[in-house]
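S.K.: Hey, dropping coords-v5.txt in here, compact mmCIF, C-alpha atoms:
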```txt
# COMPACT_ATOMS: atom_id res chain seq x y z
CA MET A 73 -12.43 -1.74 -36.39
CA PHE A 74 -9.56 0.29 -34.99
CA PHE A 75 -5.88 -0.45 -35.28
CA SER A 76 -2.51 0.92 -34.31
CA ILE A 77 0.79 0.22 -36.02
CA LEU A 78 4.01 -0.23 -34.11
CA GLU A 79 7.44 -0.33 -35.74
CA SER A 80 8.99 -2.95 -33.49
CA PRO A 81 12.46 -4.51 -33.59
CA ILE A 82 10.86 -7.54 -35.26
CA GLY A 83 8.78 -5.72 -37.85
CA HIS A 84 5.56 -3.77 -38.15
CA MET A 85 2.97 -4.95 -35.65
CA ILE A 86 -0.70 -4.34 -36.25
CA ILE A 87 -2.81 -4.12 -33.09
CA LYS A 88 -6.51 -4.45 -33.92
CA ALA A 89 -9.19 -3.48 -31.43
CA THR A 90 -12.90 -2.95 -30.95
CA GLU A 91 -14.10 -0.16 -28.71
CA GLN A 92 -13.65 -2.48 -25.72
CA GLU A 93 -10.68 -4.80 -26.33
CA VAL A 94 -7.79 -5.89 -28.50
CA TYR A 95 -8.66 -8.93 -30.61
CA SER A 96 -5.69 -9.35 -32.96
CA ILE A 97 -1.94 -8.76 -32.96
CA ASN A 98 0.10 -9.76 -35.97
CA PHE A 99 2.91 -8.90 -38.36
CA PRO A 100 1.40 -8.44 -41.84
CA GLU A 101 3.49 -7.67 -44.89
CA HIS A 102 1.03 -5.03 -46.10
CA PHE A 103 -1.04 -2.59 -44.11
CA SER A 104 -2.76 0.78 -44.51
CA ASP A 105 -2.73 3.93 -42.41
CA GLU A 106 -3.49 3.73 -38.71
CA SER A 107 -7.01 4.11 -37.40
CA PRO A 108 -6.32 3.98 -33.65
CA ASN A 109 -8.53 4.22 -30.62
CA GLU A 110 -7.78 4.39 -26.89
CA ILE A 111 -7.57 0.60 -26.52
CA SER A 112 -5.23 0.00 -29.49
CA GLU A 113 -3.03 2.87 -28.34
CA LEU A 114 -2.88 1.51 -24.79
CA ALA A 115 -1.74 -1.84 -26.19
CA LYS A 116 0.80 -0.09 -28.42
CA LYS A 117 2.19 1.76 -25.38
CA GLN A 118 2.54 -1.50 -23.47
CA PHE A 119 4.31 -3.15 -26.42
CA ILE A 120 6.73 -0.22 -26.62
CA GLU A 121 7.50 -0.81 -22.92
CA TYR A 122 7.93 -4.53 -23.62
CA PHE A 123 10.40 -3.93 -26.45
CA GLU A 124 12.27 -1.41 -24.26
CA GLY A 125 12.66 -4.14 -21.62
CA LYS A 126 10.39 -2.43 -19.08
CA ARG A 127 7.47 -4.89 -19.16
CA ASN A 128 6.96 -8.66 -19.34
CA ASP A 129 3.18 -8.92 -19.05
CA PHE A 130 0.25 -7.10 -20.59
CA ASP A 131 -2.94 -5.88 -18.95
CA PHE A 132 -4.79 -4.12 -21.74
CA PRO A 133 -8.29 -5.52 -22.39
CA MET A 134 -8.13 -8.59 -24.66
CA LEU A 135 -10.67 -10.92 -26.21
CA GLN A 136 -10.23 -14.08 -28.24
CA THR A 137 -13.04 -16.21 -29.49
CA GLY A 138 -12.54 -19.94 -29.35
CA THR A 139 -13.63 -23.15 -27.72
CA ASP A 140 -13.53 -23.58 -23.95
CA PHE A 141 -10.44 -25.76 -24.37
CA GLN A 142 -8.65 -23.13 -26.48
CA LYS A 143 -9.47 -20.45 -23.90
CA LYS A 144 -8.01 -22.64 -21.14
CA VAL A 145 -4.81 -23.05 -23.17
CA TRP A 146 -4.57 -19.31 -23.81
CA LEU A 147 -5.12 -18.59 -20.12
CA GLU A 148 -2.38 -21.07 -19.20
CA LEU A 149 -0.01 -19.44 -21.72
CA ARG A 150 -0.33 -16.18 -19.83
CA LYS A 151 1.02 -17.94 -16.72
CA ILE A 152 4.35 -18.84 -18.37
CA ASP A 153 7.05 -16.56 -16.99
CA ALA A 154 9.11 -14.48 -19.39
CA GLY A 155 12.57 -15.92 -19.84
CA LYS A 156 11.42 -19.43 -18.91
CA PRO A 157 10.08 -21.20 -22.01
CA ILE A 158 8.41 -24.57 -21.51
CA THR A 159 7.73 -27.54 -23.73
CA TYR A 160 4.34 -28.59 -25.05
CA ALA A 161 4.60 -31.67 -22.81
CA ALA A 162 5.22 -29.48 -19.75
CA LEU A 163 2.26 -27.30 -20.68
CA ALA A 164 0.08 -30.40 -21.03
CA LYS A 165 1.19 -31.56 -17.56
CA ARG A 166 0.44 -28.12 -16.10
CA MET A 167 -3.05 -28.39 -17.55
CA LYS A 168 -3.39 -31.87 -16.00
CA ASN A 169 -3.96 -33.31 -19.45
CA PRO A 170 -0.66 -35.00 -20.44
CA LEU A 171 -2.14 -36.71 -23.50
CA ALA A 172 -3.41 -33.47 -25.04
CA ILE A 173 -0.09 -32.26 -26.44
CA ARG A 174 -1.34 -32.05 -30.04
CA ALA A 175 -4.60 -30.36 -29.05
CA ILE A 176 -2.66 -27.86 -26.95
CA ALA A 177 -0.28 -27.21 -29.85
CA SER A 178 -3.27 -26.65 -32.12
CA ALA A 179 -4.87 -24.18 -29.69
CA ASN A 180 -1.50 -22.47 -29.29
CA GLY A 181 -1.36 -22.01 -33.07
CA LYS A 182 -4.81 -20.39 -33.11
CA ASN A 183 -3.76 -17.66 -30.67
CA ASN A 184 -4.54 -14.28 -32.27
CA LEU A 185 -2.86 -12.22 -29.55
CA MET A 186 0.77 -13.13 -30.06
CA ILE A 187 3.29 -11.87 -27.52
CA ALA A 188 0.52 -10.64 -25.16
CA VAL A 189 -0.67 -14.24 -24.91
CA PRO A 190 2.85 -15.64 -25.09
CA CYS A 191 2.57 -18.65 -27.36
CA HIS A 192 6.21 -18.02 -28.30
CA ARG A 193 7.23 -19.30 -24.84
CA VAL A 194 6.29 -22.88 -25.79
CA ILE A 195 8.95 -24.93 -27.53
CA GLY A 196 9.34 -28.45 -28.83
CA SER A 197 10.13 -31.33 -26.47
CA ASN A 198 13.67 -31.54 -27.86
CA GLY A 199 14.24 -27.85 -27.11
CA GLU A 200 13.80 -26.76 -30.73
CA LEU A 201 11.82 -23.73 -31.78
CA VAL A 202 8.63 -24.87 -33.47
CA GLY A 203 5.26 -23.49 -34.50
CA PHE A 204 5.19 -19.70 -34.61
CA SER A 205 3.07 -18.20 -37.38
CA ALA A 206 5.05 -14.94 -37.39
CA GLY A 207 8.26 -16.83 -38.17
CA LEU A 208 10.72 -18.78 -36.08
CA TRP A 209 13.27 -15.96 -36.32
CA ARG A 210 10.80 -13.73 -34.44
CA LYS A 211 10.20 -16.43 -31.83
CA LYS A 212 13.96 -16.74 -31.31
CA TRP A 213 14.29 -12.96 -30.99
CA LEU A 214 11.44 -12.79 -28.45
CA LEU A 215 12.87 -15.59 -26.30
CA GLU A 216 16.34 -14.02 -26.34
CA HIS A 217 14.86 -10.59 -25.54
CA GLU A 218 12.94 -11.99 -22.58
CA ALA A 219 16.01 -13.82 -21.31
CA ARG A 220 17.90 -10.50 -21.40
CA ILE A 221 15.20 -8.43 -19.69
CA THR A 222 14.61 -10.97 -16.94
CA SER A 223 18.36 -11.10 -16.22
CA ILE A 224 18.46 -14.83 -16.79
CA GLY A 225 21.04 -14.42 -19.54
CA GLN A 226 19.95 -17.59 -21.28
CA SER A 227 16.47 -19.00 -21.41
CA THR A 228 15.86 -21.75 -18.92
CA LEU A 229 13.98 -24.75 -20.23
CA ILE A 230 11.35 -26.20 -17.90
CA LEU A 231 10.57 -29.84 -18.70
```
Can you give me the file's structure in the form of structure tokens?
M.R.:
Amino acid sequence: MFFSILESPIGHMIIKATEQEVYSINFPEHFSDESPNEISELAKKQFIEYFEGKRNDFDFPMLQTGTDFQKKVWLELRKIDAGKPITYAALAKRMKNPLAIRAIASANGKNNLMIAVPCHRVIGSNGELVGFSAGLWRKKWLLEHEARITSIGQSTLIL
């Protein structure tokens, strides 16, 4: 296991990687010294660009294990534009499965590649911030950051 540590505006990020891909991004309270490799450092570089407002999407190699349904949800999350959060209901409609809101929310919550697979861009049907394991304050910061860097000014809700 290899990992890089990034001091981001929203706390220390740990980027964990194998020799081929990144498999975990999180914000732990405790961590040890870095043990980076080329993949974790590439991801770290892209996150630095993201926090500097120079990047909205990520193209470093990523891998998440999960069910076929979870993988479909995670793939769909990557299609949500920065600065344009959507509701769980809108995501379910996009996936042509309007009754799967809870299953989609569950898959969203099992995302191990936060920010790169932008689960933070999904909000509650009433427009409230819900369900972000790294803390709702981080979700709010990320959405505001993306609104700024995409020149939208304020996030636009797509229903």
S.K.: Could you tell me how far atom CA of A:Met134 sits from atom CA of A:Leu171, in Å to one decimal place?
M.R.: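 Between atom CA of A:Leu171 and atom CA of A:Met134 the gap works out to 28.8 Å.
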S.K.: Find the residues near A:Glu93: any atom within 10 Å, counting all atoms listed in the file, skip ones fewer than 3 places away on the same chain, and give them as a list in words.
M.R.: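 Listed by chain and then number, they are Lys88, Ala89, Thr90, Ser96, Glu110, Ile111, Ser112, Ala115, Phe132, Pro133, Met134, Leu135 and Gln136 of chain A.
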S.K.: Could those residues be written to a file, using C-alpha atoms, as a short mmCIF file (atom, residue, chain, number, x, y, z; two decimals), in the coordinates of the input?
M.R.:
```cif
data_model
loop_
_atom_site.label_atom_id
_atom_site.label_comp_id
_atom_site.auth_asym_id
_atom_site.auth_seq_id
_atom_site.Cartn_x
_atom_site.Cartn_y
_atom_site.Cartn_z
CA LYS A 88 -6.51 -4.45 -33.92
CA ALA A 89 -9.19 -3.48 -31.43
CA THR A 90 -12.90 -2.95 -30.95
CA SER A 96 -5.69 -9.35 -32.96
CA GLU A 110 -7.78 4.39 -26.89
CA ILE A 111 -7.57 0.60 -26.52
CA SER A 112 -5.23 0.00 -29.49
CA ALA A 115 -1.74 -1.84 -26.19
CA PHE A 132 -4.79 -4.12 -21.74
CA PRO A 133 -8.29 -5.52 -22.39
CA MET A 134 -8.13 -8.59 -24.66
CA LEU A 135 -10.67 -10.92 -26.21
CA GLN A 136 -10.23 -14.08 -28.24
#
```
S.K.: In terms of the shortest atom-to-atom distance over only C-alpha atoms, which of A:Val94, A:Ala172, A:Met167, A:Val194 is closest to A:Thr137?
M.R.: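 Answer, going by the shortest atom-to-atom distance: A:Val94.
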S.K.: Between atom CA of A:Phe130 and atom CA of A:Leu215, what is the distance in Å, rounded to a tenth?
M.R.: 16.2 Å
S.K.: Just the number, please: distance in Å from atom CA of A:Gly125 to atom CA of A:Ser223, one decimal.
M.R.: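 For atom CA of A:Gly125 relative to atom CA of A:Ser223, the distance reads 10.5 Å.
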S.K.: Which residues are close to stretch 144-151 of chain A, i.e. within 8 Å by all atoms listed in the file, leaving aside same-chain residues fewer than 5 positions away? Reply as a PyMOL selection string.
M.R.: chain A and resi 163+167+176+179-180+183+188-191+193
S.K.: Pick out the closest residue to A:Lys116 from this set: A:Glu101, A:Gly199, A:Leu78, A:Ser178. Count only C-alpha atoms.
M.R.: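 That would be A:Leu78, the residue with the smallest distance to A:Lys116.
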S.K.: I'd like to know which of A:Asp131, A:Leu185, A:Ser80, A:Thr159 is closest to A:Leu201, using only C-alpha atoms.
M.R.: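 Checking each of A:Asp131, A:Leu185, A:Ser80, A:Thr159 against A:Leu201, counting only C-alpha atoms, the winner is A:Thr159.
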S.K.: My list of candidates is A:Phe123, A:Ile158, A:Gly138, A:Gly181. Which is closest to A:Trp213 when distances are computed with all atoms listed in the file?
M.R.: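 Using all atoms listed in the file, the shortest distance to A:Trp213 belongs to A:Phe123.
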S.K.: Which residue, A:Ile221, A:Ile87, A:Leu114, A:Ile173, has the smallest gap to A:Ile187 when you use only C-alpha atoms?
M.R.: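 Distance minimum relative to A:Ile187 lands on A:Ile87.
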S.K.: Rank A:Arg127, A:Arg166, A:His102, A:His217 by their smallest atom-to-atom distance to A:Met85, using only C-alpha atoms, and report the top residue only.
M.R.: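 Smallest distance to A:Met85 is found for A:His102.
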